[in-house]
Amino acid sequence: MDYLDFSGVLARGDLLAKGLLLTAQISLASMVIGLVIGVLSACLTLSGNRLLRIVVLAYIEAIRNTPFIVQVFLIYFGLPALGLRLDPITAAITAMSVYGGAYISEIVRAGIEGINTGQIEAARALGLSGYRTFRHVVLKPALAAVFPSLSAQFILLLLSSSVVSAISVPELTGVGNDIQGMTLRNMEIYLVIAVIYVALVAVLRGLMLGIERWAFSYKFIGR
Amino acid sequence: MFQPYTWNHVFFMLGGLGTTIWLAAIALVGGSIAGSILALVRVAHNPLLRNAARLYIFVVQGTPLLVTLFIAYFGARWIGIDVAPVVAIAVAFSFYAAAFLGEIWRGAIESVPHGQREGSHALGLSYADAMRFIIVPQAIRIATPPTVGFFVQLIKNTSLASVVGIVELTRTSQIVSNATFKPLDVYLTAATFYFVVCFPLTLLSRYLERRLGTQTK
């Protein structure tokens with residue numbers, strides 16, 4: 001067992017910082033896009049249109065039962081055969097959003113199904129428009145109810161971003177692979193990266209708790 | 001010159017699927033052993049043990065699996081154990097699975113009504129006997145659907161072993177894709193293979209969950 005020597009790794013802190021920034025950016029982008037896809041697909045699976053429902057359910061099952069890295073390869077290496085060539089970062093954000101959206105859709109759907117139909121009828125009886133009923137009486141309480149699952153899914157999405165290093169995106173793990181090639185300090189670099197990810201997850205968890213308290217403050221009254 | 005994409009390639013990938021399932025099965029067995037210990041330690045009375053288990057789960061669940069695999073791959077050599085990479089990777093998957101199974105099973109143990117524990121205590125059963133005869137048998141029923149669900153995750157996640165050179169389904173697909181230059185066809189084939197294995201398990205998990213739901217009502 002050799003001694004660990006972190007000097008070479010820490011000397012490349014600027015590279016690590018750039019990788020960390022890119023990880024944060026692609027994760028945040030795919031969380032937002034994934035949430036939009038998730039809410040839309042959840043609504044479509046609950047909608048009356050049978051054909052749309054089958055298409056969306058097929059999308060969800062296809063994504064949930066195949067590995068993320070194969071989806072990344074399909075989008076980055078496979079789509080050019082259909083004439084759609086994406087650069088690595090766009091491909092990464094696309095893959096992560098499509099992947100996250102499938103899981104988020106299941107979470108949001110569970111939330112919406114938990115809404116008492118009496119609430120919706122009451123809102124309509126009080127003269128709220130369809131859109132306002134959906135926004136205030138269906139979506140917001142649904143998101144409030146499933147927010148912890150949503151946070152957990154966002155954390156998994158953040159961790160899955162490391163996989164896109166396989167298509168040479170210079171995010172944290174990709175930068176780590178580069179530094180490993182430069183310094184040959186393989187143990188040191190991956191330990192440092194693991195610590196950064198654990199810290200990042202802790203920060204995201206705190207952030208999500210903060211958002212929950214801000215957006216759904218009524219849940220915390222009297223606590 | 002590229003090779004045409006033929007059935008021989010598909011059979012080669014089918015061999016990779018064998019390695020994928022084999023790796024996932026080893027991780028499930030290894031992870032079950034470590035995970036059950038972890039779950040019991042998480043609900044133990046000793047706060048030092050309990051927090052150590054919590055820290056372990058926090059760290060493993062907060063690290064991307066790919067980074068965990070890199071650490072295992074290089075770490076085995078670093079601590080001076082000369083093993084084949086596939087052994088180091090199988091061990092890493094077991095540690096990873098333990099963190100998740102441990103949490104699933106702890107949740108199951110804790111969801112057994114508290115009266116059951118008080119009842120066994122009142123009947124004079126020791127902690128170990130209460131666990132063995134009263135709590136764990138009920139917890140297993142609750143834990144089965146999410147455990148099957150996690151096995152699906154495990155099968156999918158063994159695809160990451162391709163990055164450190166384990167020749168499982170994803171790695172064989174990469175090899176075939178490079179030889180035939182038909183990435184769309186090849187990766188769609190691989191995705192189909194994964195789907196054919198994972199989807200029935202997903203349905204099984206859902207079926208068990210529904211059955212459990214109607215039984216407890």
# chains A, B, ... in the order shown; residues from 1 in each chain; ligands from 1
$ residues_around --residues "Tyr56 of chain B" --least-positions-apart "5" --cutoff "10 Å" --atoms "only C-alpha atoms" --output "VMD selection string"
chain B and resid 38 51 61 to 62 95 98 to 99
$ write_last_selection --atoms "C-alpha atoms" --output "PDB file, in the first residue's frame"
ATOM      1  CA  LEU B  38     -26.610  -3.126   7.910  1.00  0.00           C
ATOM      2  CA  ASN B  51     -24.493   6.143  13.339  1.00  0.00           C
ATOM      3  CA  GLN B  61     -25.696   6.684  -1.641  1.00  0.00           C
ATOM      4  CA  GLY B  62     -24.024  10.069  -2.175  1.00  0.00           C
ATOM      5  CA  PHE B  95     -21.188  -2.840  -1.178  1.00  0.00           C
ATOM      6  CA  ALA B  98     -25.895  -3.305   0.630  1.00  0.00           C
ATOM      7  CA  ALA B  99     -26.412   0.429   1.171  1.00  0.00           C
TER       8      ALA B  99
END
$ residues_around --residues "Phe6 of chain A" --least-positions-apart "4" --cutoff "10 Å" --atoms "only C-alpha atoms" --output "list in words"
Leu10, Ala11, Arg185, Met187, Glu188, Ile189, Leu191 and Val192 of chain A
$ closest_residue --among "B:Leu66, B:Val136, B:Ala27, B:Ala130" --to "chain A" --atoms "only C-alpha atoms"
B:Leu66
$ interface_residues --of "chain A" --to "chain B" --cutoff "10 Å" --atoms "only C-alpha atoms" --output "compact mmCIF listing (two decimals) with N, CA and C atoms, in the first residue's frame"
# COMPACT_ATOMS: atom_id res chain seq x y z
N MET A 1 0.84 -1.20 0.00
CA MET A 1 0.00 0.00 0.00
C MET A 1 0.88 1.25 0.00
N ASP A 2 0.76 2.06 -1.04
CA ASP A 2 1.55 3.29 -1.11
C ASP A 2 0.89 4.36 -0.27
N TYR A 3 1.69 5.40 0.05
CA TYR A 3 1.10 6.56 0.71
C TYR A 3 0.26 7.33 -0.29
N LEU A 4 -0.80 7.94 0.20
CA LEU A 4 -1.60 8.77 -0.69
C LEU A 4 -0.93 10.13 -0.81
N GLU A 61 -42.05 3.09 -19.52
CA GLU A 61 -41.56 1.73 -19.26
C GLU A 61 -40.24 1.48 -20.00
N ALA A 62 -40.12 2.01 -21.23
CA ALA A 62 -38.88 1.81 -21.99
C ALA A 62 -37.70 2.43 -21.25
N ILE A 63 -37.90 3.63 -20.70
CA ILE A 63 -36.81 4.30 -20.00
C ILE A 63 -36.50 3.61 -18.68
N ARG A 64 -37.54 3.21 -17.96
CA ARG A 64 -37.33 2.65 -16.62
C ARG A 64 -36.75 1.24 -16.65
N ASN A 65 -36.84 0.56 -17.79
CA ASN A 65 -36.36 -0.83 -17.83
C ASN A 65 -35.13 -1.02 -18.71
N THR A 66 -34.45 0.08 -19.04
CA THR A 66 -33.17 -0.02 -19.77
C THR A 66 -32.14 0.85 -19.05
N PRO A 67 -30.85 0.49 -19.17
CA PRO A 67 -29.84 1.25 -18.43
C PRO A 67 -29.64 2.66 -19.00
N PHE A 68 -29.32 3.58 -18.11
CA PHE A 68 -29.12 4.97 -18.51
C PHE A 68 -27.97 5.09 -19.51
N ILE A 69 -26.90 4.34 -19.32
CA ILE A 69 -25.73 4.50 -20.20
C ILE A 69 -26.08 4.08 -21.63
N VAL A 70 -26.96 3.08 -21.78
CA VAL A 70 -27.38 2.66 -23.12
C VAL A 70 -28.23 3.76 -23.76
N GLN A 71 -29.05 4.42 -22.95
CA GLN A 71 -29.84 5.56 -23.47
C GLN A 71 -28.92 6.68 -23.94
N VAL A 72 -27.87 6.93 -23.16
CA VAL A 72 -26.90 7.97 -23.53
C VAL A 72 -26.24 7.60 -24.86
N PHE A 73 -25.82 6.34 -25.00
CA PHE A 73 -25.18 5.90 -26.25
C PHE A 73 -26.15 5.99 -27.42
N LEU A 74 -27.41 5.62 -27.19
CA LEU A 74 -28.41 5.69 -28.26
C LEU A 74 -28.57 7.12 -28.75
N ILE A 75 -28.61 8.06 -27.82
CA ILE A 75 -28.82 9.46 -28.21
C ILE A 75 -27.56 10.04 -28.86
N TYR A 76 -26.39 9.71 -28.30
CA TYR A 76 -25.16 10.33 -28.81
C TYR A 76 -24.63 9.61 -30.06
N PHE A 77 -24.59 8.27 -30.05
CA PHE A 77 -24.04 7.53 -31.19
C PHE A 77 -25.12 7.07 -32.17
N GLY A 78 -26.36 6.84 -31.65
CA GLY A 78 -27.40 6.25 -32.48
C GLY A 78 -28.17 7.27 -33.31
N LEU A 79 -28.49 8.43 -32.71
CA LEU A 79 -29.32 9.41 -33.42
C LEU A 79 -28.69 9.95 -34.70
N PRO A 80 -27.36 10.11 -34.79
CA PRO A 80 -26.79 10.59 -36.06
C PRO A 80 -27.19 9.74 -37.25
N ALA A 81 -27.48 8.43 -37.03
CA ALA A 81 -27.93 7.58 -38.13
C ALA A 81 -29.30 8.03 -38.64
N LEU A 82 -30.05 8.72 -37.79
CA LEU A 82 -31.35 9.27 -38.21
C LEU A 82 -31.21 10.73 -38.62
N ILE A 155 -31.64 13.92 -6.62
CA ILE A 155 -30.32 13.49 -6.16
C ILE A 155 -29.81 12.36 -7.06
N LEU A 156 -30.69 11.41 -7.41
CA LEU A 156 -30.28 10.32 -8.31
C LEU A 156 -29.89 10.87 -9.68
N LEU A 157 -30.60 11.92 -10.11
CA LEU A 157 -30.30 12.54 -11.40
C LEU A 157 -28.91 13.20 -11.37
N LEU A 158 -28.64 13.89 -10.26
CA LEU A 158 -27.32 14.51 -10.09
C LEU A 158 -26.23 13.44 -10.16
N LEU A 159 -26.44 12.31 -9.47
CA LEU A 159 -25.43 11.25 -9.47
C LEU A 159 -25.30 10.61 -10.85
N SER A 160 -26.42 10.52 -11.57
CA SER A 160 -26.36 9.88 -12.89
C SER A 160 -25.56 10.72 -13.87
N SER A 161 -25.38 12.02 -13.56
CA SER A 161 -24.63 12.88 -14.49
C SER A 161 -23.20 12.38 -14.67
N SER A 162 -22.68 11.62 -13.71
CA SER A 162 -21.30 11.12 -13.83
C SER A 162 -21.18 10.18 -15.04
N VAL A 163 -22.30 9.54 -15.42
CA VAL A 163 -22.26 8.56 -16.51
C VAL A 163 -21.94 9.23 -17.85
N SER A 165 -19.76 11.15 -18.57
CA SER A 165 -18.32 11.20 -18.84
C SER A 165 -17.96 10.18 -19.92
N ALA A 166 -18.80 9.15 -20.09
CA ALA A 166 -18.55 8.11 -21.09
C ALA A 166 -18.67 8.64 -22.52
N THR A 173 -16.73 13.86 -13.21
CA THR A 173 -16.09 12.56 -13.40
C THR A 173 -15.19 12.56 -14.64
N GLY A 176 -12.14 14.21 -13.79
CA GLY A 176 -11.40 13.28 -12.94
C GLY A 176 -10.61 12.29 -13.77
N ASN A 177 -11.26 11.75 -14.83
CA ASN A 177 -10.57 10.81 -15.71
C ASN A 177 -9.36 11.48 -16.36
N ARG A 185 -2.39 9.40 -10.45
CA ARG A 185 -2.75 9.25 -9.03
C ARG A 185 -4.21 8.80 -8.98
N ASN A 186 -4.48 7.54 -9.39
CA ASN A 186 -5.87 7.15 -9.58
C ASN A 186 -6.68 7.09 -8.28
N MET A 187 -6.08 6.54 -7.22
CA MET A 187 -6.81 6.44 -5.94
C MET A 187 -7.18 7.83 -5.43
N GLU A 188 -6.17 8.73 -5.44
CA GLU A 188 -6.37 10.06 -4.88
C GLU A 188 -7.48 10.81 -5.61
N ILE A 189 -7.41 10.79 -6.96
CA ILE A 189 -8.38 11.59 -7.70
C ILE A 189 -9.81 11.10 -7.48
N TYR A 190 -10.00 9.76 -7.48
CA TYR A 190 -11.38 9.30 -7.34
C TYR A 190 -11.90 9.45 -5.91
N LEU A 191 -10.99 9.42 -4.93
CA LEU A 191 -11.43 9.70 -3.56
C LEU A 191 -11.86 11.16 -3.44
N ILE A 193 -12.94 13.08 -5.80
CA ILE A 193 -14.19 13.26 -6.54
C ILE A 193 -15.38 12.71 -5.75
N ALA A 194 -15.18 11.56 -5.11
CA ALA A 194 -16.26 10.99 -4.31
C ALA A 194 -16.67 11.96 -3.20
N VAL A 195 -15.66 12.57 -2.54
CA VAL A 195 -15.96 13.52 -1.46
C VAL A 195 -16.74 14.72 -2.01
N ILE A 196 -16.34 15.20 -3.21
CA ILE A 196 -17.05 16.35 -3.80
C ILE A 196 -18.50 15.97 -4.09
N TYR A 197 -18.72 14.77 -4.63
CA TYR A 197 -20.11 14.35 -4.92
C TYR A 197 -20.93 14.25 -3.64
N VAL A 198 -20.34 13.65 -2.60
CA VAL A 198 -21.08 13.51 -1.35
C VAL A 198 -21.47 14.89 -0.82
N ALA A 199 -20.51 15.85 -0.90
CA ALA A 199 -20.80 17.21 -0.45
C ALA A 199 -21.90 17.84 -1.31
N LEU A 200 -21.81 17.61 -2.63
CA LEU A 200 -22.80 18.16 -3.56
C LEU A 200 -24.19 17.63 -3.25
N VAL A 201 -24.27 16.32 -2.95
CA VAL A 201 -25.55 15.72 -2.60
C VAL A 201 -26.10 16.34 -1.32
N ALA A 202 -25.20 16.56 -0.35
CA ALA A 202 -25.64 17.17 0.92
C ALA A 202 -26.18 18.58 0.67
$ closest_residue --among "B:Thr189, B:Ser205, B:Thr172, B:Thr6" --to "Thr19 of chain B" --atoms "only C-alpha atoms"
B:Thr172
$ residues_around --residues "segment 86-103 of chain A" --least-positions-apart "4" --cutoff "6 Å" --atoms "only C-alpha atoms" --output "ChimeraX atom specification"
/A:26,30,33-34,37-38,60,72,76,164,169
$ select_by_dssp --residues "segment 65-171 of chain A" --states "helix (DSSP H, G or I)" --output "ChimeraX atom specification"
/A:68-82,88-113,117-125,130-167
$ write_last_selection --atoms "C-alpha atoms" --output "compact mmCIF listing (two decimals), in the first residue's frame"
# COMPACT_ATOMS: atom_id res chain seq x y z
CA PHE A 68 -29.12 4.97 -18.51
CA ILE A 69 -25.73 4.50 -20.20
CA VAL A 70 -27.38 2.66 -23.12
CA GLN A 71 -29.84 5.56 -23.47
CA VAL A 72 -26.90 7.97 -23.53
CA PHE A 73 -25.18 5.90 -26.25
CA LEU A 74 -28.41 5.69 -28.26
CA ILE A 75 -28.82 9.46 -28.21
CA TYR A 76 -25.16 10.33 -28.81
CA PHE A 77 -24.04 7.53 -31.19
CA GLY A 78 -27.40 6.25 -32.48
CA LEU A 79 -29.32 9.41 -33.42
CA PRO A 80 -26.79 10.59 -36.06
CA ALA A 81 -27.93 7.58 -38.13
CA LEU A 82 -31.35 9.27 -38.21
CA PRO A 88 -21.83 15.84 -26.09
CA ILE A 89 -23.27 18.38 -23.65
CA THR A 90 -26.61 18.69 -25.49
CA ALA A 91 -26.78 14.90 -25.79
CA ALA A 92 -26.08 14.61 -22.05
CA ILE A 93 -28.79 17.09 -21.05
CA THR A 94 -31.25 15.42 -23.46
CA ALA A 95 -30.53 11.94 -22.12
CA MET A 96 -30.73 13.05 -18.48
CA SER A 97 -33.97 14.97 -19.03
CA VAL A 98 -35.67 12.10 -20.86
CA TYR A 99 -34.44 9.66 -18.19
CA GLY A 100 -35.38 11.87 -15.25
CA GLY A 101 -38.74 12.74 -16.82
CA ALA A 102 -39.85 9.09 -16.86
CA TYR A 103 -39.21 8.66 -13.14
CA ILE A 104 -40.55 12.11 -12.20
CA SER A 105 -43.73 11.37 -14.16
CA GLU A 106 -44.45 8.33 -11.98
CA ILE A 107 -43.88 10.40 -8.83
CA VAL A 108 -46.08 13.30 -10.00
CA ARG A 109 -48.79 10.90 -11.14
CA ALA A 110 -48.91 9.32 -7.68
CA GLY A 111 -49.28 12.83 -6.24
CA ILE A 112 -52.10 13.80 -8.61
CA GLU A 113 -53.93 10.51 -8.01
CA THR A 117 -61.83 14.65 -6.55
CA GLY A 118 -64.15 16.54 -4.21
CA GLN A 119 -61.50 19.29 -4.07
CA ILE A 120 -61.59 19.65 -7.85
CA GLU A 121 -65.40 19.70 -7.91
CA ALA A 122 -65.42 22.34 -5.16
CA ALA A 123 -62.93 24.50 -7.07
CA ARG A 124 -65.03 24.28 -10.23
CA ALA A 125 -68.19 25.03 -8.23
CA GLY A 130 -59.85 24.78 -15.53
CA TYR A 131 -56.28 26.07 -15.63
CA ARG A 132 -56.46 27.69 -12.18
CA THR A 133 -58.06 24.56 -10.74
CA PHE A 134 -55.24 22.46 -12.15
CA ARG A 135 -52.53 24.83 -10.97
CA HIS A 136 -53.70 25.61 -7.45
CA VAL A 137 -55.92 22.68 -6.49
CA VAL A 138 -54.26 19.76 -8.32
CA LEU A 139 -50.61 20.42 -9.15
CA LYS A 140 -49.43 22.38 -6.13
CA PRO A 141 -50.82 20.04 -3.45
CA ALA A 142 -49.67 17.04 -5.53
CA LEU A 143 -46.10 18.37 -5.69
CA ALA A 144 -46.25 19.23 -1.98
CA ALA A 145 -47.28 15.66 -1.15
CA VAL A 146 -44.56 13.97 -3.21
CA PHE A 147 -41.80 16.53 -2.67
CA PRO A 148 -39.54 14.18 -0.64
CA SER A 149 -39.65 11.57 -3.46
CA LEU A 150 -38.97 14.33 -5.95
CA SER A 151 -35.90 15.44 -3.97
CA ALA A 152 -34.62 11.86 -3.89
CA GLN A 153 -35.09 11.62 -7.66
CA PHE A 154 -33.20 14.88 -8.21
CA ILE A 155 -30.32 13.49 -6.16
CA LEU A 156 -30.28 10.32 -8.31
CA LEU A 157 -30.30 12.54 -11.40
CA LEU A 158 -27.32 14.51 -10.09
CA LEU A 159 -25.43 11.25 -9.47
CA SER A 160 -26.36 9.88 -12.89
CA SER A 161 -24.63 12.88 -14.49
CA SER A 162 -21.30 11.12 -13.83
CA VAL A 163 -22.26 8.56 -16.51
CA VAL A 164 -22.10 11.15 -19.31
CA SER A 165 -18.32 11.20 -18.84
CA ALA A 166 -18.55 8.11 -21.09
CA ILE A 167 -19.36 10.39 -24.05
